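Engineer: This is my_file18.csv (CSV, C-alpha atoms).
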```
chain,number,residue,atom,x,y,z
A,12,MET,CA,170.6,128.6,86.0
A,13,LEU,CA,170.7,127.6,89.6
A,14,PRO,CA,172.3,124.4,90.8
A,15,PHE,CA,169.9,121.5,91.2
A,16,ALA,CA,167.3,123.3,89.0
A,17,LYS,CA,166.3,120.1,87.3
A,18,ARG,CA,165.6,118.2,90.5
A,19,PRO,CA,161.9,117.3,91.1
A,20,TRP,CA,161.8,119.4,94.3
A,21,ALA,CA,163.4,122.5,92.7
A,22,LYS,CA,160.1,124.3,91.9
A,23,HIS,CA,159.0,123.9,95.5
A,24,VAL,CA,162.2,125.3,96.9
A,25,ALA,CA,162.2,128.2,94.4
A,26,ALA,CA,158.6,129.1,95.3
A,27,THR,CA,159.6,129.0,99.0
A,28,VAL,CA,162.7,131.1,98.5
A,29,ILE,CA,160.6,133.7,96.6
A,30,ALA,CA,157.9,133.8,99.3
A,31,VAL,CA,160.4,134.1,102.2
A,32,THR,CA,162.4,136.8,100.3
A,33,LEU,CA,159.4,138.9,99.6
A,34,ILE,CA,158.1,138.6,103.2
A,35,ALA,CA,161.6,139.6,104.5
A,36,ALA,CA,161.8,142.5,102.0
A,37,VAL,CA,158.6,143.9,103.5
A,38,CYS,CA,159.3,143.1,107.2
A,39,VAL,CA,162.9,144.3,107.5
A,40,PRO,CA,162.1,147.9,106.3
A,41,ILE,CA,159.1,148.1,108.7
A,42,VAL,CA,161.3,147.0,111.7
A,43,LEU,CA,164.1,149.3,110.7
A,44,HIS,CA,161.7,152.2,110.2
A,45,GLN,CA,160.3,151.7,113.7
A,46,ARG,CA,163.8,151.8,115.2
A,47,LYS,CA,164.6,154.9,113.1
A,48,ALA,CA,167.5,153.0,111.4
A,49,LEU,CA,166.1,152.9,107.8
A,50,ASP,CA,168.4,154.7,105.4
A,51,ILE,CA,168.7,155.0,101.6
A,52,PRO,CA,171.7,152.6,101.4
A,53,ILE,CA,169.7,150.0,103.3
A,54,VAL,CA,166.8,150.4,100.9
A,55,VAL,CA,169.2,150.1,98.0
A,56,GLY,CA,170.7,146.9,99.5
A,57,ILE,CA,167.2,145.4,99.9
A,58,VAL,CA,166.3,146.1,96.3
A,59,LEU,CA,169.6,144.7,95.1
A,60,LEU,CA,169.1,141.5,97.2
A,61,LEU,CA,165.6,141.2,95.6
A,62,LEU,CA,167.1,141.5,92.1
A,63,ALA,CA,169.7,138.9,92.9
A,64,ILE,CA,167.4,136.3,94.5
A,65,VAL,CA,164.0,136.5,92.8
A,66,PRO,CA,164.7,136.4,89.0
A,67,PRO,CA,166.8,133.2,89.0
A,68,ASN,CA,164.1,131.5,91.0
A,69,ILE,CA,161.4,132.7,88.6
A,70,VAL,CA,163.3,131.0,85.8
A,71,VAL,CA,163.3,127.8,87.8
A,72,LEU,CA,159.5,128.0,88.3
A,73,ARG,CA,158.9,128.7,84.6
A,74,GLN,CA,161.1,126.0,83.1
A,75,ARG,CA,159.7,122.7,82.1
A,76,ARG,CA,161.4,119.5,83.0
A,77,GLN,CA,162.8,117.3,80.2
A,78,GLU,CA,160.5,114.4,81.1
A,79,ASP,CA,157.4,116.7,80.8
A,80,GLN,CA,158.3,117.7,77.3
A,81,ALA,CA,158.7,114.1,76.2
A,82,LYS,CA,155.3,112.8,77.5
A,83,PRO,CA,152.8,112.1,74.8
A,84,GLY,CA,149.9,113.8,76.6
A,85,THR,CA,151.8,117.1,77.0
A,86,PRO,CA,150.8,119.8,74.6
A,87,GLN,CA,153.5,120.6,72.2
A,88,PRO,CA,154.0,123.9,70.2
A,89,ARG,CA,151.8,123.9,67.1
A,90,ILE,CA,153.5,123.7,63.7
A,91,TYR,CA,151.3,125.0,61.0
A,92,ALA,CA,151.5,123.6,57.5
A,93,THR,CA,152.6,126.1,54.8
A,94,ARG,CA,152.9,125.8,51.1
A,95,SER,CA,156.2,124.9,49.7
A,96,ALA,CA,158.2,127.7,48.0
A,97,GLY,CA,158.0,126.0,44.6
A,98,ARG,CA,154.2,126.3,44.2
```
Could you show the structure in this file as structure tokens?

Structural biologist:
Amino acid sequence: MLPFAKRPWAKHVAATVIAVTLIAAVCVPIVLHQRKALDIPIVVGIVLLLLAIVPPNIVVLRQRRQEDQAKPGTPQPRIYATRSAGR
């Protein structure tokens, strides 16, 4: 979990970080390819940076806040009634 993941602005920051990271992951190889400086270690570094930055931010985007789960209007998981084992 990232620090400040439970703050109200955390989802906006996580979405911005993902967007900027993906844009940079596309633009940097294009610029390096034009300058003939794109090598396999650089591509591996870009992929590793993507793997380090994007998944924790996706977790922040997908998590629900504690207050949202306690609100009466928020849909809760359904619990289906089953017969007791004694019948």

Engineer: Extract, using only C-alpha atoms, all DNA, RNA and protein residues at most 12 Å from Pro66 (chain A), discarding same-chain residues fewer than 3 positions from it, and format them as a list in words.

Structural biologist: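 Using only C-alpha atoms, the neighbours found are Met12, Leu13, Ala25, Ala26, Val28, Ile29, Thr32, Leu59, Leu60, Leu61, Leu62, Ala63, Ile69, Val70, Val71, Leu72 and Arg73 of chain A.
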
Engineer: Taking all atoms listed in the file into account, name the residue in A:Cys38, A:Arg75, A:His44, A:Asp50 that is nearest to Arg18 (chain A).

Structural biologist: A:Arg75

Engineer: Have a look at CA of Arg46 (chain A) and CA of Ile34 (chain A) and let me know their distance in Å, one decimal.

Structural biologist: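 Pair CA of Arg46 (chain A) / CA of Ile34 (chain A) returns 18.7 Å.
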
Engineer: Provide the CA of Ala21 (chain A) to CA of Val65 (chain A) distance in Å, to one decimal place.

Structural biologist: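 Between CA of Ala21 (chain A) and CA of Val65 (chain A) the gap is 14.0 Å.
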
Engineer: Find, counting only C-alpha atoms, the residue in A:Ile64, A:Pro19, A:Gln45, A:Pro52 that gets nearest to Val31 (chain A).

Structural biologist: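 For Val31 (chain A), the nearest of the candidates is A:Ile64.
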
Engineer: Can you write region 18-52 of chain A from the block above with N, CA, C and O atoms, as a PDB file, in the first residue's frame?

Structural biologist:
```pdb
ATOM      1  N   ARG A  18      -6.332   8.904   1.754  1.00  0.00           N
ATOM      2  CA  ARG A  18      -6.728  10.312   1.698  1.00  0.00           C
ATOM      3  C   ARG A  18      -7.755  10.500   0.586  1.00  0.00           C
ATOM      4  O   ARG A  18      -7.806   9.729  -0.374  1.00  0.00           O
ATOM      5  N   PRO A  19      -8.591  11.530   0.663  1.00  0.00           N
ATOM      6  CA  PRO A  19      -9.614  11.721  -0.369  1.00  0.00           C
ATOM      7  C   PRO A  19      -9.043  12.037  -1.745  1.00  0.00           C
ATOM      8  O   PRO A  19      -9.660  11.752  -2.759  1.00  0.00           O
ATOM      9  N   TRP A  20      -7.842  12.586  -1.808  1.00  0.00           N
ATOM     10  CA  TRP A  20      -7.251  12.949  -3.087  1.00  0.00           C
ATOM     11  C   TRP A  20      -6.357  11.853  -3.649  1.00  0.00           C
ATOM     12  O   TRP A  20      -5.766  12.012  -4.714  1.00  0.00           O
ATOM     13  N   ALA A  21      -6.252  10.714  -2.979  1.00  0.00           N
ATOM     14  CA  ALA A  21      -5.319   9.662  -3.395  1.00  0.00           C
ATOM     15  C   ALA A  21      -5.677   9.077  -4.761  1.00  0.00           C
ATOM     16  O   ALA A  21      -4.792   8.783  -5.561  1.00  0.00           O
ATOM     17  N   LYS A  22      -6.973   8.926  -5.051  1.00  0.00           N
ATOM     18  CA  LYS A  22      -7.369   8.339  -6.336  1.00  0.00           C
ATOM     19  C   LYS A  22      -7.026   9.264  -7.498  1.00  0.00           C
ATOM     20  O   LYS A  22      -6.612   8.807  -8.556  1.00  0.00           O
ATOM     21  N   HIS A  23      -7.173  10.556  -7.286  1.00  0.00           N
ATOM     22  CA  HIS A  23      -6.831  11.506  -8.350  1.00  0.00           C
ATOM     23  C   HIS A  23      -5.327  11.501  -8.617  1.00  0.00           C
ATOM     24  O   HIS A  23      -4.887  11.526  -9.776  1.00  0.00           O
ATOM     25  N   VAL A  24      -4.548  11.456  -7.553  1.00  0.00           N
ATOM     26  CA  VAL A  24      -3.095  11.420  -7.700  1.00  0.00           C
ATOM     27  C   VAL A  24      -2.662  10.123  -8.366  1.00  0.00           C
ATOM     28  O   VAL A  24      -1.804  10.127  -9.258  1.00  0.00           O
ATOM     29  N   ALA A  25      -3.254   8.998  -7.974  1.00  0.00           N
ATOM     30  CA  ALA A  25      -2.898   7.704  -8.571  1.00  0.00           C
ATOM     31  C   ALA A  25      -3.230   7.677 -10.058  1.00  0.00           C
ATOM     32  O   ALA A  25      -2.438   7.187 -10.865  1.00  0.00           O
ATOM     33  N   ALA A  26      -4.382   8.212 -10.440  1.00  0.00           N
ATOM     34  CA  ALA A  26      -4.744   8.252 -11.860  1.00  0.00           C
ATOM     35  C   ALA A  26      -3.790   9.145 -12.638  1.00  0.00           C
ATOM     36  O   ALA A  26      -3.386   8.805 -13.763  1.00  0.00           O
ATOM     37  N   THR A  27      -3.401  10.266 -12.050  1.00  0.00           N
ATOM     38  CA  THR A  27      -2.453  11.168 -12.712  1.00  0.00           C
ATOM     39  C   THR A  27      -1.090  10.504 -12.867  1.00  0.00           C
ATOM     40  O   THR A  27      -0.455  10.610 -13.924  1.00  0.00           O
ATOM     41  N   VAL A  28      -0.641   9.818 -11.829  1.00  0.00           N
ATOM     42  CA  VAL A  28       0.660   9.137 -11.892  1.00  0.00           C
ATOM     43  C   VAL A  28       0.648   8.061 -12.973  1.00  0.00           C
ATOM     44  O   VAL A  28       1.607   7.929 -13.745  1.00  0.00           O
ATOM     45  N   ILE A  29      -0.433   7.301 -13.070  1.00  0.00           N
ATOM     46  CA  ILE A  29      -0.516   6.262 -14.100  1.00  0.00           C
ATOM     47  C   ILE A  29      -0.505   6.888 -15.489  1.00  0.00           C
ATOM     48  O   ILE A  29       0.211   6.417 -16.389  1.00  0.00           O
ATOM     49  N   ALA A  30      -1.271   7.954 -15.682  1.00  0.00           N
ATOM     50  CA  ALA A  30      -1.332   8.597 -16.991  1.00  0.00           C
ATOM     51  C   ALA A  30       0.027   9.164 -17.399  1.00  0.00           C
ATOM     52  O   ALA A  30       0.496   8.946 -18.529  1.00  0.00           O
ATOM     53  N   VAL A  31       0.678   9.865 -16.493  1.00  0.00           N
ATOM     54  CA  VAL A  31       1.983  10.465 -16.819  1.00  0.00           C
ATOM     55  C   VAL A  31       3.025   9.376 -17.068  1.00  0.00           C
ATOM     56  O   VAL A  31       3.857   9.495 -17.977  1.00  0.00           O
ATOM     57  N   THR A  32       2.968   8.306 -16.298  1.00  0.00           N
ATOM     58  CA  THR A  32       3.922   7.205 -16.485  1.00  0.00           C
ATOM     59  C   THR A  32       3.742   6.546 -17.843  1.00  0.00           C
ATOM     60  O   THR A  32       4.723   6.254 -18.538  1.00  0.00           O
ATOM     61  N   LEU A  33       2.498   6.305 -18.244  1.00  0.00           N
ATOM     62  CA  LEU A  33       2.266   5.674 -19.546  1.00  0.00           C
ATOM     63  C   LEU A  33       2.667   6.595 -20.699  1.00  0.00           C
ATOM     64  O   LEU A  33       3.243   6.133 -21.698  1.00  0.00           O
ATOM     65  N   ILE A  34       2.395   7.882 -20.558  1.00  0.00           N
ATOM     66  CA  ILE A  34       2.806   8.832 -21.599  1.00  0.00           C
ATOM     67  C   ILE A  34       4.328   8.865 -21.704  1.00  0.00           C
ATOM     68  O   ILE A  34       4.889   8.840 -22.805  1.00  0.00           O
ATOM     69  N   ALA A  35       4.999   8.897 -20.562  1.00  0.00           N
ATOM     70  CA  ALA A  35       6.466   8.912 -20.574  1.00  0.00           C
ATOM     71  C   ALA A  35       7.035   7.608 -21.123  1.00  0.00           C
ATOM     72  O   ALA A  35       8.043   7.616 -21.833  1.00  0.00           O
ATOM     73  N   ALA A  36       6.371   6.488 -20.818  1.00  0.00           N
ATOM     74  CA  ALA A  36       6.844   5.195 -21.306  1.00  0.00           C
ATOM     75  C   ALA A  36       6.709   5.073 -22.818  1.00  0.00           C
ATOM     76  O   ALA A  36       7.408   4.269 -23.446  1.00  0.00           O
ATOM     77  N   VAL A  37       5.846   5.861 -23.412  1.00  0.00           N
ATOM     78  CA  VAL A  37       5.711   5.865 -24.868  1.00  0.00           C
ATOM     79  C   VAL A  37       6.659   6.895 -25.489  1.00  0.00           C
ATOM     80  O   VAL A  37       7.304   6.623 -26.503  1.00  0.00           O
ATOM     81  N   CYS A  38       6.750   8.067 -24.880  1.00  0.00           N
ATOM     82  CA  CYS A  38       7.535   9.164 -25.474  1.00  0.00           C
ATOM     83  C   CYS A  38       9.046   8.951 -25.376  1.00  0.00           C
ATOM     84  O   CYS A  38       9.778   9.274 -26.314  1.00  0.00           O
ATOM     85  N   VAL A  39       9.520   8.437 -24.245  1.00  0.00           N
ATOM     86  CA  VAL A  39      10.968   8.271 -24.061  1.00  0.00           C
ATOM     87  C   VAL A  39      11.564   7.316 -25.102  1.00  0.00           C
ATOM     88  O   VAL A  39      12.586   7.647 -25.726  1.00  0.00           O
ATOM     89  N   PRO A  40      10.977   6.148 -25.351  1.00  0.00           N
ATOM     90  CA  PRO A  40      11.559   5.288 -26.395  1.00  0.00           C
ATOM     91  C   PRO A  40      11.520   5.920 -27.788  1.00  0.00           C
ATOM     92  O   PRO A  40      12.435   5.702 -28.592  1.00  0.00           O
ATOM     93  N   ILE A  41      10.484   6.700 -28.080  1.00  0.00           N
ATOM     94  CA  ILE A  41      10.418   7.349 -29.392  1.00  0.00           C
ATOM     95  C   ILE A  41      11.565   8.335 -29.557  1.00  0.00           C
ATOM     96  O   ILE A  41      12.252   8.358 -30.591  1.00  0.00           O
ATOM     97  N   VAL A  42      11.789   9.155 -28.527  1.00  0.00           N
ATOM     98  CA  VAL A  42      12.879  10.136 -28.592  1.00  0.00           C
ATOM     99  C   VAL A  42      14.232   9.431 -28.652  1.00  0.00           C
ATOM    100  O   VAL A  42      15.111   9.814 -29.444  1.00  0.00           O
ATOM    101  N   LEU A  43      14.417   8.402 -27.846  1.00  0.00           N
ATOM    102  CA  LEU A  43      15.696   7.693 -27.859  1.00  0.00           C
ATOM    103  C   LEU A  43      15.915   6.963 -29.179  1.00  0.00           C
ATOM    104  O   LEU A  43      17.052   6.852 -29.646  1.00  0.00           O
ATOM    105  N   HIS A  44      14.854   6.469 -29.796  1.00  0.00           N
ATOM    106  CA  HIS A  44      14.997   5.806 -31.093  1.00  0.00           C
ATOM    107  C   HIS A  44      15.394   6.802 -32.181  1.00  0.00           C
ATOM    108  O   HIS A  44      16.197   6.479 -33.059  1.00  0.00           O
ATOM    109  N   GLN A  45      14.849   8.002 -32.112  1.00  0.00           N
ATOM    110  CA  GLN A  45      15.216   9.030 -33.087  1.00  0.00           C
ATOM    111  C   GLN A  45      16.677   9.428 -32.949  1.00  0.00           C
ATOM    112  O   GLN A  45      17.335   9.767 -33.939  1.00  0.00           O
ATOM    113  N   ARG A  46      17.191   9.411 -31.735  1.00  0.00           N
ATOM    114  CA  ARG A  46      18.591   9.773 -31.507  1.00  0.00           C
ATOM    115  C   ARG A  46      19.520   8.575 -31.607  1.00  0.00           C
ATOM    116  O   ARG A  46      20.700   8.677 -31.310  1.00  0.00           O
ATOM    117  N   LYS A  47      18.981   7.432 -31.979  1.00  0.00           N
ATOM    118  CA  LYS A  47      19.722   6.175 -32.121  1.00  0.00           C
ATOM    119  C   LYS A  47      20.408   5.767 -30.810  1.00  0.00           C
ATOM    120  O   LYS A  47      21.531   5.276 -30.798  1.00  0.00           O
ATOM    121  N   ALA A  48      19.710   5.990 -29.704  1.00  0.00           N
ATOM    122  CA  ALA A  48      20.266   5.651 -28.397  1.00  0.00           C
ATOM    123  C   ALA A  48      19.422   4.614 -27.665  1.00  0.00           C
ATOM    124  O   ALA A  48      19.649   4.354 -26.488  1.00  0.00           O
ATOM    125  N   LEU A  49      18.462   4.015 -28.353  1.00  0.00           N
ATOM    126  CA  LEU A  49      17.581   3.040 -27.713  1.00  0.00           C
ATOM    127  C   LEU A  49      18.238   1.666 -27.741  1.00  0.00           C
ATOM    128  O   LEU A  49      18.497   1.104 -28.805  1.00  0.00           O
ATOM    129  N   ASP A  50      18.522   1.136 -26.566  1.00  0.00           N
ATOM    130  CA  ASP A  50      19.135  -0.182 -26.437  1.00  0.00           C
ATOM    131  C   ASP A  50      18.223  -1.087 -25.623  1.00  0.00           C
ATOM    132  O   ASP A  50      17.274  -0.632 -24.989  1.00  0.00           O
ATOM    133  N   ILE A  51      18.536  -2.370 -25.614  1.00  0.00           N
ATOM    134  CA  ILE A  51      17.733  -3.333 -24.863  1.00  0.00           C
ATOM    135  C   ILE A  51      17.761  -3.037 -23.366  1.00  0.00           C
ATOM    136  O   ILE A  51      16.716  -3.113 -22.714  1.00  0.00           O
ATOM    137  N   PRO A  52      18.907  -2.686 -22.756  1.00  0.00           N
ATOM    138  CA  PRO A  52      18.865  -2.372 -21.318  1.00  0.00           C
ATOM    139  C   PRO A  52      17.951  -1.193 -20.988  1.00  0.00           C
ATOM    140  O   PRO A  52      17.317  -1.174 -19.930  1.00  0.00           O
TER     141      PRO A  52
END
```
